[in-house]
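For reference, the structure is listed below as C-alpha cells.
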Amino acid sequence: MSEMISRKVISGDKAMVSQVFLKKGAVVPEHHHESEQITYILEGALKFELEGKEVTVHKGEVLRIPSHVPHRAVALEDTLDLDIFSPIRADWLAKDDAYLRRGQREKT
C-alpha cells in the first residue's frame, strides 16, 4: 500500500479480517465507514483519536470502533494489528481507499 502501511485481507460475505502492519509514525488519516471495527494490537501501539478523545491501545489490548464514527490513528512504534470489520469493507476490496495509501507520517 505504501512504505508506511501494508496489510493482508481475508474476507467472507459478512465479515472481514485484516492484518495491518504500520511503521512507527505512520498515520491513518481521519475517516469513517459503515463497518463496526474491532482492533486487536498484536505488537506495538496505536494512538487513536475518536469522538473527541485520544485512546492509546497497546499490545494485547482491543478497541471497538462503532459504525460511522470518525477516527484517526498514529503508530507510536512499529505495530501489527488485527482489524475485524462487519460488514466487509468493500472500499478495501476495490482498492478505493486512497486515504490509507498516501503513506502519511506523523509530523514531529
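Naming scheme: A, B, ... for chains in displayed order of the C-alpha cells; residues 1 onward per chain; ligands 1 onward as shown.
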May I have the residues within 12 Å of range 50-59 of chain A as JSON, numbers by chain, using only C-alpha atoms and disregarding those fewer than 4 positions away in the same chain? {"A": [29, 30, 31, 32, 38, 39, 40, 41, 42, 43, 44, 45, 46, 63, 64, 65, 66, 67, 68, 69, 70, 71, 72, 73, 74, 75, 76, 77, 78, 79, 80, 81, 82]}
How many Å lie between CA of Glu49 in chain A and CA of Lys95 in chain A, rounded to one decimal? 24.1 Å
Which value, in Å to one decimal, gives the distance between CA of Ile10 in chain A and CA of Glu106 in chain A? 28.2 Å
Looking at only C-alpha atoms, which of A:Asp83, A:Asp13, A:Glu61, A:Asp91 is the one that sits closest to Glu34 in chain A?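 Looking at the shortest contact to Glu34 in chain A, the residue is A:Asp91.
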Report, in Å with one decimal, the straight-line distance from CA of Lys47 in chain A to CA of Gly12 in chain A.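 Result for CA of Lys47 in chain A versus CA of Gly12 in chain A: 28.4 Å, one decimal.
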Which residues are near Asp97 in chain A? Cut-off 12 Å, only C-alpha atoms, ignore same chain within fewer than 3 positions. Put them as a VMD selection string. chain A and resid 1 to 2 28 to 29 31 to 33 89 to 94 100 to 103
So that I have them on file, write out the residues from the current selection with C-alpha atoms, as a compact mmCIF listing (two decimals), in the first residue's frame.
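As written to disk, selection17.txt reads:
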```
# COMPACT_ATOMS: atom_id res chain seq x y z
CA MET A 1 0.00 0.00 0.00
CA SER A 2 2.76 2.44 0.99
CA VAL A 28 -4.15 6.52 9.28
CA PRO A 29 -5.95 9.77 8.35
CA HIS A 31 -12.08 8.55 8.08
CA HIS A 32 -15.31 6.72 8.88
CA HIS A 33 -17.18 3.75 7.48
CA ARG A 89 -15.05 -3.04 3.73
CA ALA A 90 -15.98 -3.06 0.03
CA ASP A 91 -13.73 0.00 -0.47
CA TRP A 92 -10.72 -2.05 0.64
CA LEU A 93 -11.58 -4.92 -1.69
CA ALA A 94 -12.00 -2.48 -4.61
CA LEU A 100 -4.78 4.98 3.50
CA ARG A 101 -2.40 4.62 0.54
CA ARG A 102 -0.86 8.10 0.80
CA GLY A 103 1.78 6.94 3.27
```
